[in-house]
>>> print(open('coords11.cif').read())   # mmCIF, C-alpha atoms and all ligand atoms
data_start
loop_
_atom_site.label_atom_id
_atom_site.label_comp_id
_atom_site.auth_asym_id
_atom_site.auth_seq_id
_atom_site.Cartn_x
_atom_site.Cartn_y
_atom_site.Cartn_z
CA MET A 218 -17.92 -17.12 20.69
CA ASP A 219 -21.69 -16.75 20.78
CA THR A 220 -23.91 -19.02 18.70
CA THR A 221 -24.79 -16.42 16.06
CA LEU A 222 -21.12 -15.85 15.38
CA VAL A 223 -20.52 -19.60 15.11
CA GLU A 224 -23.34 -19.77 12.56
CA ILE A 225 -21.84 -16.92 10.57
CA MET A 226 -18.46 -18.65 10.47
CA LYS A 227 -20.09 -21.86 9.24
CA GLN A 228 -21.93 -19.89 6.57
CA ILE A 229 -18.63 -18.44 5.31
CA ASP A 230 -17.12 -21.93 5.13
CA GLY A 231 -19.78 -22.68 2.54
CA TYR A 232 -18.68 -19.82 0.23
CA ARG A 233 -15.80 -21.58 -1.51
CA GLN A 234 -17.58 -21.63 -4.88
CA GLU A 235 -18.69 -18.01 -4.49
CA ALA A 236 -15.07 -17.01 -3.81
CA ILE A 237 -13.80 -18.81 -6.91
CA GLY A 238 -16.65 -17.48 -9.04
CA LEU A 239 -16.16 -13.88 -7.96
CA GLU A 240 -12.41 -13.99 -8.45
CA THR A 241 -12.92 -15.46 -11.91
CA GLN A 242 -15.38 -12.77 -12.97
CA LEU A 243 -13.32 -9.92 -11.51
CA THR A 244 -10.10 -11.12 -13.15
CA ARG A 245 -11.84 -11.21 -16.54
CA ILE A 246 -12.20 -7.41 -16.42
CA PRO A 247 -8.71 -5.88 -16.53
CA ALA A 248 -8.93 -2.56 -14.69
CA LEU A 249 -5.75 -0.72 -15.64
CA GLY A 250 -5.22 2.98 -15.09
CA PRO A 251 -4.21 5.24 -18.00
CA GLU A 252 -0.59 5.29 -16.74
CA SER A 253 -0.58 1.54 -17.36
CA GLY A 254 -2.08 1.89 -20.82
CA GLY A 255 -5.65 1.05 -19.71
CA ASP A 256 -9.04 2.76 -19.76
CA GLY A 257 -9.71 2.78 -16.02
CA GLU A 258 -12.00 0.83 -13.72
CA ARG A 259 -15.51 1.56 -15.04
CA ASP A 260 -16.43 -1.95 -16.22
CA LYS A 261 -15.11 -3.64 -13.12
CA ALA A 262 -16.83 -1.07 -10.91
CA ALA A 263 -20.13 -1.70 -12.73
CA PHE A 264 -19.78 -5.43 -12.15
CA VAL A 265 -19.05 -4.92 -8.44
CA GLN A 266 -22.00 -2.53 -8.05
CA ASP A 267 -24.40 -4.97 -9.70
CA TRP A 268 -23.14 -7.86 -7.63
CA VAL A 269 -23.35 -5.91 -4.37
CA ARG A 270 -26.85 -4.63 -5.18
CA GLN A 271 -28.10 -8.09 -6.06
CA HIS A 272 -26.46 -10.19 -3.34
CA LEU A 273 -25.99 -7.80 -0.43
CA GLN A 274 -28.96 -5.40 -0.70
CA PRO A 275 -27.02 -2.46 0.71
CA ASP A 276 -28.85 0.21 2.73
CA ASP A 277 -27.05 2.76 0.61
CA LEU A 278 -24.90 2.52 -2.50
CA GLN A 279 -23.15 5.49 -4.07
CA GLU A 280 -20.70 6.02 -6.86
CA TYR A 281 -18.29 8.94 -6.54
CA ARG A 282 -16.77 9.91 -9.84
CA ALA A 283 -13.35 11.53 -9.88
CA PRO A 284 -13.05 13.48 -13.14
CA ASP A 285 -10.22 12.18 -15.32
CA ALA A 286 -10.04 13.28 -18.95
CA ARG A 287 -7.47 10.58 -19.76
CA VAL A 288 -10.05 7.77 -19.80
CA SER A 289 -12.65 7.58 -22.60
CA TYR A 290 -15.66 8.15 -20.30
CA GLY A 291 -14.02 10.98 -18.33
CA TYR A 292 -14.05 9.77 -14.71
CA ARG A 293 -12.71 7.18 -12.29
CA PRO A 294 -15.33 5.30 -10.26
CA ASN A 295 -15.24 5.00 -6.45
CA ILE A 296 -18.01 2.96 -4.85
CA VAL A 297 -19.28 3.12 -1.29
CA ALA A 298 -21.80 0.55 -0.02
CA MET A 299 -23.33 0.98 3.45
CA PHE A 300 -24.98 -1.62 5.69
CA ASN A 301 -26.72 -0.55 8.87
CA GLY A 302 -25.86 -2.24 12.11
CA HIS A 303 -28.10 -2.23 15.13
CA ALA A 304 -25.78 -0.28 17.42
CA ASP A 305 -25.62 2.56 14.89
CA LYS A 306 -22.54 4.26 16.25
CA ARG A 307 -19.26 3.56 14.63
CA THR A 308 -18.76 2.30 11.12
CA ILE A 309 -16.34 -0.48 10.29
CA TRP A 310 -14.84 0.42 6.93
CA ILE A 311 -13.10 -2.02 4.66
CA MET A 312 -11.42 -0.43 1.70
CA THR A 313 -10.10 -2.33 -1.30
CA HIS A 314 -9.03 -1.21 -4.75
CA LEU A 315 -10.41 -2.11 -8.16
CA ASP A 316 -7.36 -1.44 -10.30
CA VAL A 317 -4.59 -3.91 -11.00
CA VAL A 318 -1.06 -3.67 -12.40
CA PRO A 319 -0.26 -4.92 -15.92
CA PRO A 320 0.78 -8.58 -16.21
CA GLY A 321 4.29 -7.67 -17.41
CA ASP A 322 6.33 -10.21 -19.38
CA LEU A 323 3.72 -12.76 -20.56
CA SER A 324 6.36 -15.43 -21.11
CA LYS A 325 6.82 -15.56 -17.34
CA TRP A 326 3.17 -16.60 -16.87
CA THR A 327 2.17 -20.23 -17.15
CA GLY A 328 -1.28 -19.25 -18.46
CA ASP A 329 -3.48 -16.31 -19.46
CA PRO A 330 -3.29 -13.70 -16.64
CA TRP A 331 -6.94 -12.68 -17.16
CA THR A 332 -8.33 -16.21 -16.85
CA VAL A 333 -8.39 -17.56 -13.32
CA ARG A 334 -6.94 -21.04 -12.92
CA VAL A 335 -7.65 -23.18 -9.90
CA VAL A 336 -4.55 -25.18 -8.97
CA ASP A 337 -4.90 -27.22 -5.78
CA ASN A 338 -6.08 -24.70 -3.22
CA LYS A 339 -4.75 -21.70 -5.11
CA LEU A 340 -6.26 -19.27 -7.59
CA LEU A 341 -3.90 -17.87 -10.23
CA GLY A 342 -4.39 -14.68 -12.23
CA ARG A 343 -3.54 -10.98 -12.31
CA GLY A 344 -5.27 -9.24 -9.42
CA VAL A 345 -6.43 -12.35 -7.53
CA GLU A 346 -4.35 -11.29 -4.53
CA ASP A 347 -3.86 -7.57 -5.15
CA ASN A 348 -6.53 -6.58 -4.32
CA GLN A 349 -9.38 -8.93 -5.20
CA GLN A 350 -8.64 -11.25 -2.30
CA GLY A 351 -9.50 -8.49 0.17
CA LEU A 352 -12.41 -7.32 -1.95
CA VAL A 353 -13.96 -10.78 -2.12
CA SER A 354 -13.35 -11.40 1.61
CA SER A 355 -15.13 -8.14 2.45
CA VAL A 356 -18.23 -8.84 0.34
CA LEU A 357 -18.49 -12.45 1.53
CA ALA A 358 -18.29 -11.30 5.17
CA VAL A 359 -21.34 -9.09 4.56
CA LYS A 360 -23.07 -11.80 2.51
CA ALA A 361 -23.01 -14.16 5.51
CA TYR A 362 -25.02 -11.64 7.53
CA ARG A 363 -27.43 -11.01 4.66
CA ASP A 364 -27.99 -14.70 3.89
CA LEU A 365 -28.67 -15.48 7.54
CA LYS A 366 -30.77 -12.32 7.93
CA ILE A 367 -28.69 -11.14 10.87
CA ALA A 368 -27.91 -7.45 11.36
CA PRO A 369 -24.29 -6.72 12.29
CA GLN A 370 -23.63 -4.95 15.57
CA ASN A 371 -21.80 -2.07 13.87
CA ASN A 372 -22.44 -0.21 10.66
CA VAL A 373 -20.38 -1.60 7.84
CA GLY A 374 -19.02 0.42 4.94
CA LEU A 375 -17.38 -1.23 1.95
CA VAL A 376 -15.29 1.07 -0.20
CA PHE A 377 -14.02 0.07 -3.63
CA VAL A 378 -11.62 2.65 -4.97
CA ALA A 379 -9.93 3.40 -8.28
CA ASP A 380 -6.32 4.36 -8.92
CA GLU A 381 -4.52 2.73 -5.99
CA GLU A 382 -1.62 1.40 -8.05
CA THR A 383 -0.69 4.73 -9.61
CA GLY A 384 -0.95 7.29 -6.86
CA SER A 385 -4.56 7.28 -5.56
CA GLN A 386 -5.25 10.80 -6.80
CA TYR A 387 -8.49 9.63 -8.45
CA GLY A 388 -9.21 7.10 -5.71
CA ILE A 389 -8.94 7.52 -1.96
CA GLN A 390 -7.31 10.95 -2.21
CA TYR A 391 -10.33 12.15 -4.18
CA LEU A 392 -12.78 10.68 -1.63
CA LEU A 393 -10.88 12.23 1.28
CA ASN A 394 -10.65 15.63 -0.42
CA GLU A 395 -14.19 15.85 -1.78
CA HIS A 396 -16.27 13.57 0.47
CA ARG A 397 -14.44 13.52 3.79
CA HIS A 398 -17.78 13.63 5.67
CA LEU A 399 -18.22 9.94 4.79
CA PHE A 400 -15.71 9.04 7.51
CA SER A 401 -15.63 9.94 11.16
CA ARG A 402 -12.68 9.85 13.55
CA GLU A 403 -14.36 7.18 15.70
CA ASP A 404 -14.70 4.82 12.74
CA ILE A 405 -12.54 1.80 12.22
CA ILE A 406 -10.72 1.75 8.91
CA LEU A 407 -9.21 -1.48 7.70
CA ILE A 408 -7.34 -1.93 4.44
CA PRO A 409 -6.71 -5.58 3.49
CA ASP A 410 -4.08 -4.79 0.87
CA ALA A 411 -0.91 -6.19 2.46
CA GLY A 412 0.02 -8.64 5.16
CA ASP A 413 2.01 -11.75 5.89
CA THR A 414 1.21 -15.43 5.40
CA LYS A 415 -0.11 -15.88 8.94
CA GLY A 416 -2.03 -12.65 9.37
CA THR A 417 0.17 -11.70 12.30
CA MET A 418 1.25 -8.29 10.99
CA ILE A 419 -0.89 -5.19 11.38
CA GLU A 420 0.69 -2.33 9.50
CA VAL A 421 0.16 0.90 11.43
CA ALA A 422 3.10 3.12 10.51
CA GLU A 423 5.57 3.83 7.79
CA LYS A 424 8.90 5.53 7.34
CA SER A 425 9.44 8.73 5.39
CA ILE A 426 10.88 8.17 1.93
CA LEU A 427 13.66 10.35 0.59
CA TRP A 428 15.18 9.58 -2.79
CA LEU A 429 18.14 11.81 -3.63
CA ARG A 430 20.07 12.39 -6.83
CA PHE A 431 23.56 13.88 -6.59
CA HIS A 432 24.94 15.37 -9.78
CA THR A 433 28.65 16.11 -9.33
CA GLN A 434 30.45 18.34 -11.82
CA GLY A 435 34.24 18.46 -11.93
CA LYS A 436 36.51 18.66 -14.97
CA GLN A 437 37.29 15.83 -17.33
CA THR A 438 40.90 15.13 -18.21
CA HIS A 439 43.34 12.44 -19.31
CA GLY A 440 43.96 9.66 -16.83
CA SER A 441 47.71 10.39 -16.77
CA VAL A 442 47.32 14.01 -15.63
CA PRO A 443 44.72 14.09 -12.85
CA GLU A 444 46.04 17.45 -11.66
CA HIS A 445 44.65 19.05 -14.86
CA GLY A 446 41.10 18.01 -14.02
CA ARG A 447 38.77 17.55 -11.07
CA ASN A 448 37.68 13.94 -10.61
CA ALA A 449 33.89 13.90 -10.21
CA HIS A 450 33.82 10.15 -9.58
CA LYS A 451 36.31 10.44 -6.71
CA ALA A 452 34.43 13.36 -5.15
CA ALA A 453 31.11 11.50 -5.41
CA SER A 454 32.65 8.38 -3.88
CA TYR A 455 33.98 10.45 -0.97
CA LEU A 456 30.50 11.90 -0.51
CA THR A 457 29.00 8.39 -0.58
CA VAL A 458 31.26 7.29 2.25
CA ARG A 459 30.64 10.49 4.23
CA LEU A 460 26.88 10.02 3.91
CA GLU A 461 27.29 6.79 5.87
CA THR A 462 27.59 9.05 8.94
CA LEU A 463 23.84 9.73 8.64
CA TYR A 464 23.36 6.33 10.29
CA LYS A 465 25.14 7.69 13.39
CA LYS A 466 23.54 11.11 13.36
CA PHE A 467 19.98 9.76 12.96
CA ASN A 468 20.35 6.65 15.07
CA LYS A 469 17.06 6.46 16.99
CA ARG A 470 15.53 3.00 17.13
CA ASP A 471 11.89 2.02 17.01
CA PRO A 472 11.26 -1.70 17.55
CA MET A 473 7.87 -1.40 15.83
CA PHE A 474 9.74 -1.16 12.52
CA SER A 475 11.71 -3.77 10.66
CA PRO A 476 14.53 -2.83 10.40
CA PRO A 477 14.15 -0.74 13.58
CA ILE A 478 16.39 2.09 12.30
CA SER A 479 16.49 4.77 9.60
CA THR A 480 18.42 3.64 6.54
CA PHE A 481 20.55 5.69 4.12
CA GLU A 482 21.75 3.65 1.18
CA PRO A 483 23.54 4.51 -2.06
CA THR A 484 21.71 2.73 -4.88
CA LYS A 485 21.82 3.61 -8.56
CA ARG A 486 24.86 5.08 -10.28
CA GLU A 487 24.76 6.37 -13.84
CA ALA A 488 27.40 5.31 -16.34
CA ASN A 489 30.22 7.81 -16.79
CA VAL A 490 33.16 7.66 -19.20
CA PRO A 491 33.45 4.58 -21.43
CA ASN A 492 37.22 4.17 -21.14
CA VAL A 493 39.74 3.51 -18.40
CA ASN A 494 42.14 6.35 -19.16
CA THR A 495 39.77 9.28 -18.78
CA ILE A 496 39.12 11.02 -15.49
CA PRO A 497 35.39 11.70 -15.40
CA GLY A 498 34.19 15.28 -15.13
CA GLU A 499 30.65 14.23 -14.21
CA ASP A 500 29.02 11.76 -11.88
CA VAL A 501 25.41 10.99 -11.02
CA LEU A 502 24.51 8.87 -8.03
CA TYR A 503 21.35 8.14 -6.07
CA PHE A 504 20.45 7.47 -2.45
CA ASP A 505 17.37 5.76 -1.09
CA CYS A 506 16.69 6.89 2.49
CA ARG A 507 13.91 5.42 4.69
CA ILE A 508 13.59 7.57 7.77
CA LEU A 509 11.76 6.88 11.02
CA PRO A 510 8.72 9.16 11.36
CA ASN A 511 10.10 10.96 14.43
CA TYR A 512 12.74 12.65 12.24
CA LYS A 513 11.86 15.43 9.85
CA ILE A 514 13.08 15.14 6.27
CA THR A 515 14.26 18.75 6.55
CA GLU A 516 16.64 17.82 9.41
CA VAL A 517 18.15 15.04 7.31
CA MET A 518 18.52 17.39 4.35
CA LYS A 519 20.42 19.87 6.51
CA ALA A 520 22.96 17.18 7.36
CA VAL A 521 23.17 16.05 3.73
CA LYS A 522 23.85 19.59 2.56
CA ALA A 523 26.64 20.07 5.11
CA LEU A 524 28.37 16.95 3.76
CA ARG A 525 27.89 18.21 0.23
CA ARG A 526 29.60 21.52 1.13
CA GLU A 527 32.50 19.67 2.71
CA THR A 528 32.92 17.52 -0.44
CA GLU A 529 32.63 20.48 -2.82
CA LYS A 530 35.38 22.31 -0.93
CA LYS A 531 37.71 19.38 -0.66
CA PHE A 532 37.50 18.39 -4.36
CA LYS A 533 36.66 21.79 -5.92
CA VAL A 534 33.54 20.37 -7.60
CA LYS A 535 29.89 21.43 -7.75
CA ILE A 536 27.23 19.03 -6.52
CA ALA A 537 23.56 19.58 -7.36
CA ILE A 538 21.03 17.70 -5.25
CA SER A 539 17.54 16.92 -6.55
CA PHE A 540 14.68 14.80 -5.24
CA SER A 541 12.98 12.08 -7.15
CA GLN A 542 10.77 11.21 -4.18
CA HIS A 543 10.24 13.06 -0.99
CA ASP A 544 7.44 12.10 1.36
CA GLN A 545 7.27 12.86 5.06
CA ALA A 546 5.68 9.86 6.80
CA ALA A 547 2.08 10.21 7.93
CA PRO A 548 1.54 10.23 11.71
CA PRO A 549 1.41 6.56 12.77
CA THR A 550 -1.76 4.84 13.91
CA LEU A 551 -1.19 4.12 17.61
CA PRO A 552 -0.40 0.47 18.44
CA ASP A 553 -3.44 0.42 20.78
CA ALA A 554 -5.87 2.14 18.38
CA PRO A 555 -9.37 0.57 18.14
CA VAL A 556 -8.65 -0.79 14.66
CA VAL A 557 -5.68 -2.73 16.08
CA GLN A 558 -7.76 -3.92 19.03
CA VAL A 559 -10.60 -5.33 16.91
CA ILE A 560 -8.25 -7.23 14.60
CA THR A 561 -6.35 -8.58 17.62
CA LYS A 562 -9.57 -9.74 19.29
CA ALA A 563 -10.80 -11.49 16.14
CA MET A 564 -7.42 -13.15 15.59
CA LYS A 565 -7.32 -14.42 19.17
CA ASP A 566 -10.86 -15.79 18.99
CA LEU A 567 -10.63 -17.38 15.56
CA ARG A 568 -6.98 -18.31 15.10
CA LYS A 569 -5.54 -18.25 18.61
CA LYS A 570 -2.82 -15.89 17.40
CA ARG A 571 -1.74 -12.47 18.56
CA PRO A 572 -0.88 -10.14 15.66
CA LYS A 573 1.74 -7.41 16.08
CA PRO A 574 1.34 -3.76 15.11
CA MET A 575 4.29 -2.91 12.86
CA GLY A 576 5.85 -0.21 10.74
CA ILE A 577 7.13 -0.73 7.22
CA GLY A 578 9.64 0.89 4.88
CA GLY A 579 7.15 3.20 3.28
CA GLY A 580 4.32 3.79 0.89
CA THR A 581 0.86 2.38 1.62
CA VAL A 582 -2.52 3.85 0.84
CA ALA A 583 -3.34 3.99 4.58
CA ALA A 584 -1.09 7.06 4.78
CA TYR A 585 -3.79 9.18 3.10
CA PHE A 586 -6.23 8.30 5.87
CA ARG A 587 -3.61 8.93 8.56
CA ARG A 588 -2.71 12.32 7.14
CA ALA A 589 -6.41 13.20 7.14
CA GLY A 590 -6.60 12.25 10.84
CA PHE A 591 -8.19 8.80 10.53
CA PRO A 592 -6.26 5.97 12.22
CA ALA A 593 -6.28 3.28 9.54
CA ALA A 594 -4.51 -0.07 9.56
CA VAL A 595 -3.45 -2.42 6.78
CA TRP A 596 -4.02 -6.08 7.50
CA SER A 597 -4.68 -9.34 5.68
CA THR A 598 -3.38 -12.89 5.35
CA MET A 599 -1.48 -13.17 2.10
CA ALA A 600 0.72 -15.38 0.01
CA GLU A 601 2.57 -12.16 -0.93
CA THR A 602 2.65 -12.63 -4.69
CA ALA A 603 1.27 -9.21 -5.67
CA HIS A 604 2.59 -7.76 -8.96
CA SER A 605 4.52 -10.93 -9.84
CA PRO A 606 3.89 -13.29 -12.77
CA ASP A 607 1.56 -16.17 -11.81
CA GLU A 608 0.14 -14.04 -8.99
CA TYR A 609 -1.94 -16.29 -6.76
CA CYS A 610 -3.99 -16.37 -3.59
CA LEU A 611 -5.05 -19.21 -1.33
CA ILE A 612 -8.79 -19.85 -1.33
CA GLU A 613 -8.66 -20.48 2.42
CA ASN A 614 -7.17 -17.02 2.99
CA ILE A 615 -10.18 -15.45 1.26
CA LEU A 616 -12.58 -17.30 3.55
CA ASP A 617 -10.50 -17.03 6.72
CA ASP A 618 -10.09 -13.27 6.32
CA ALA A 619 -13.83 -12.97 5.59
CA LYS A 620 -14.35 -14.59 9.00
CA ILE A 621 -12.10 -12.04 10.70
CA PHE A 622 -14.08 -9.21 9.08
CA ALA A 623 -17.41 -10.81 10.02
CA HIS A 624 -16.17 -11.16 13.61
CA ILE A 625 -15.25 -7.46 13.70
CA PHE A 626 -18.68 -6.45 12.33
CA SER A 627 -20.24 -7.89 15.50
CA GLN A 628 -17.77 -6.76 18.16
CA ARG A 629 -19.12 -4.43 20.85
CA LEU A 630 -17.09 -1.25 20.65
ZN ZN B 701 -2.88 -3.37 -3.76
#
>>> encode(input="coords11.cif", output="structure tokens", more="lines below")
Ligand SMILES: [Zn+2]
Amino acid sequence: MDTTLVEIMKQIDGYRQEAIGLETQLTRIPALGPESGGDGERDKAAFVQDWVRQHLQPDDLQEYRAPDARVSYGYRPNIVAMFNGHADKRTIWIMTHLDVVPPGDLSKWTGDPWTVRVVDNKLLGRGVEDNQQGLVSSVLAVKAYRDLKIAPQNNVGLVFVADEETGSQYGIQYLLNEHRHLFSREDIILIPDAGDTKGTMIEVAEKSILWLRFHTQGKQTHGSVPEHGRNAHKAASYLTVRLETLYKKFNKRDPMFSPPISTFEPTKREANVPNVNTIPGEDVLYFDCRILPNYKITEVMKAVKALRRETEKKFKVKIAISFSQHDQAAPPTLPDAPVVQVITKAMKDLRKKRPKPMGIGGGTVAAYFRRAGFPAAVWSTMAETAHSPDEYCLIENILDDAKIFAHIFSQRL
């Protein structure tokens, strides 16, 4: 590592109090979307803008307002802060989100969720990990350069979005639909919103999600005379077992994913008749399928419908299929994409570890970038307590991840 970089790392080591202070101030401003009974992210966004303006002197700072009549002021704030590097080619983007999820059952918390508590080397509070850890790491990485009056090699863009927890329509989806010119295909897009405890997982791909509801209609009758009815429960159970054959039919493996296969699992089943001696005329059951991206959801549906027909014929029932979720996976970010390379290089230099590009079961915000043609990756070092009571983050993870970001800002690309 060159001497400037060593200096920058040392500078970040001195930001422990800044990290605690920022987390405390951010946690005090609950930013809940209207779906979660809140009034959006405006106050938290204003705090972040002021802090960035004052401490980081950005070369450009913009707020992009996604109109949303459900909040009292009519929009959801998305903030983009730019810092010029001296190579002036690619931009390293770090995107984090401002919104948090509600605290849930307060009796499961050991203190007020909106007041940060420092316990040993942990910070406790709603949002401290998801996603303020990444947010604070990203601003402290830039602060080190500003405080030392060093220009980063690459341009740096910090993005703070709204509405990540409830669909991203007013957050990154809005930015990508209305202000796509902000990003270029050569840029590096990093989203520190998930990861493992060692920072050895780089999420680059996800499976397609298919949630199915099967509503079987037969004919209800007395338990003693099954021949007078058509047992919907029995038909649905047959179908459940037959659907197990999807594992054989769609059996490709991809070692990048854990598990490395597509999965097709029966999950919820709705209550039917309340008594033992009635043969149910109706049955509702659900499947949760996570499908490797090289299969099309439509292919799977074709196979599902064939099994439905077989079941309908055999039991003389009607089975209606509906979707409660249905999302073809975005094209994966390649395991050797520049974003993967820069994280890998920083991890080797700073932690002597080699992270692995991996796929997950489905549903991260990086998919919006990937669908828009930008190879984004999700990476961070996390305690993995997001959304739970007594959510916490390790102070050292905030600073250590800030160092990884700072390292990337100065890599020659
Ligand atoms: Zn998050």
>>> closest_residue(input="coords11.cif", among="A:Glu613, A:Asp410, A:Asp364, A:Glu487", to="Glu499 (chain A)", atoms="all atoms listed in the file")
A:Glu487
>>> closest_residue(input="coords11.cif", among="A:Val223, A:Ile615, A:Ala411, A:Cys610", to="ligand ZN 701 (chain B)", atoms="only C-alpha atoms and all ligand atoms")
A:Ala411
>>> residues_near_ligand(input="coords11.cif", ligand="ligand ZN 701 (chain B)", cutoff="8 Å", atoms="all atoms listed in the file", output="number ranges by chain")
A: 313-314, 317, 347-348, 381-382, 410-411, 603
>>> closest_residue(input="coords11.cif", among="A:Ala520, A:Leu341, A:Leu399, A:Met473", to="Arg459 (chain A)", atoms="all atoms listed in the file")
A:Ala520
>>> residues_around(input="coords11.cif", residues="region 490-492 of chain A", least_positions_apart="3", cutoff="10 Å", atoms="only C-alpha atoms", output="list in words")
Gln437, Gly440, His450, Thr495, Ile496, Pro497, Gly498, Glu499 and Asp500 of chain A
>>> atom_distance(input="coords11.cif", atom1="CA of Pro284 (chain A)", atom2="CA of Ala379 (chain A)")
11.6 Å
>>> residues_near_point(input="coords11.cif", point="(22.8, 16.6, 4.0)", cutoff="12 Å", atoms="only C-alpha atoms", output="ChimeraX atom specification")
/A:427,429-431,456-457,459-463,466-467,481,504,506,514-528,536-539
>>> residues_near_point(input="coords11.cif", point="(-7.1, -7.4, -7.4)", cutoff="12 Å", atoms="only C-alpha atoms", output="ChimeraX atom specification")
/A:239-249,258,261,313-320,330-331,333,340-354,377-382,409-411,602-604,608-610
>>> residues_around(input="coords11.cif", residues="Thr581 (chain A)", least_positions_apart="6", cutoff="12 Å", atoms="all atoms listed in the file", output="ChimeraX atom specification")
/A:381-385,389,408-412,420-426,544,546-547,549,587-588,593-596
>>> atom_distance(input="coords11.cif", atom1="CA of Ala236 (chain A)", atom2="CA of Leu375 (chain A)")
17.0 Å
>>> axis_aligned_box(input="coords11.cif", around="region 300-313 of chain A", padding_each_side="5 Å", output="JSON")
{"center_x": -19.1, "center_y": 1.0, "center_z": 8.1, "size_x": 28.0, "size_y": 16.6, "size_z": 28.7}
>>> atom_distance(input="coords11.cif", atom1="CA of Lys306 (chain A)", atom2="CA of Ile225 (chain A)")
21.9 Å
>>> residues_around(input="coords11.cif", residues="Arg287 (chain A)", least_positions_apart="2", cutoff="10 Å", atoms="all atoms listed in the file", output="list in words")
Gly250, Pro251, Glu252, Gly255, Asp256, Gly257, Pro284, Asp285, Ser289, Tyr290, Gly291, Tyr292 and Arg293 of chain A
>>> decode(input="coords11.cif", residues="region 229-272 of chain A", atoms="C-alpha atoms", output="compact mmCIF listing (two decimals), in the first residue's frame")
# COMPACT_ATOMS: atom_id res chain seq x y z
CA ILE A 229 -10.38 6.49 9.43
CA ASP A 230 -9.19 4.74 12.61
CA GLY A 231 -9.66 8.10 14.32
CA TYR A 232 -13.36 8.36 13.36
CA ARG A 233 -14.81 6.19 16.11
CA GLN A 234 -16.58 9.13 17.79
CA GLU A 235 -17.84 10.44 14.44
CA ALA A 236 -19.30 7.00 13.68
CA ILE A 237 -21.11 6.82 17.02
CA GLY A 238 -22.29 10.43 16.73
CA LEU A 239 -23.65 10.02 13.23
CA GLU A 240 -25.43 6.77 14.04
CA THR A 241 -26.99 8.40 17.09
CA GLN A 242 -28.27 11.40 15.15
CA LEU A 243 -29.56 9.31 12.24
CA THR A 244 -31.38 6.87 14.52
CA ARG A 245 -33.16 9.77 16.24
CA ILE A 246 -35.00 10.53 12.98
CA PRO A 247 -37.29 7.59 12.20
CA ALA A 248 -37.66 7.48 8.42
CA LEU A 249 -40.62 5.19 7.80
CA GLY A 250 -42.44 4.96 4.49
CA PRO A 251 -46.22 5.47 4.34
CA GLU A 252 -46.74 1.68 4.04
CA SER A 253 -45.15 1.43 7.49
CA GLY A 254 -47.31 4.20 8.91
CA GLY A 255 -44.63 6.91 8.57
CA ASP A 256 -44.27 10.23 6.77
CA GLY A 257 -41.26 9.39 4.63
CA GLU A 258 -37.59 10.33 4.71
CA ARG A 259 -37.58 14.14 4.40
CA ASP A 260 -36.18 15.00 7.84
CA LYS A 261 -33.48 12.36 7.70
CA ALA A 262 -32.57 13.40 4.16
CA ALA A 263 -32.28 17.03 5.28
CA PHE A 264 -29.95 16.02 8.10
CA VAL A 265 -27.77 13.97 5.73
CA GLN A 266 -27.63 16.81 3.18
CA ASP A 267 -26.57 19.33 5.82
CA TRP A 268 -23.95 17.00 7.23
CA VAL A 269 -22.52 16.17 3.79
CA ARG A 270 -22.45 19.83 2.76
CA GLN A 271 -20.72 20.89 5.96
CA HIS A 272 -18.21 18.06 6.40
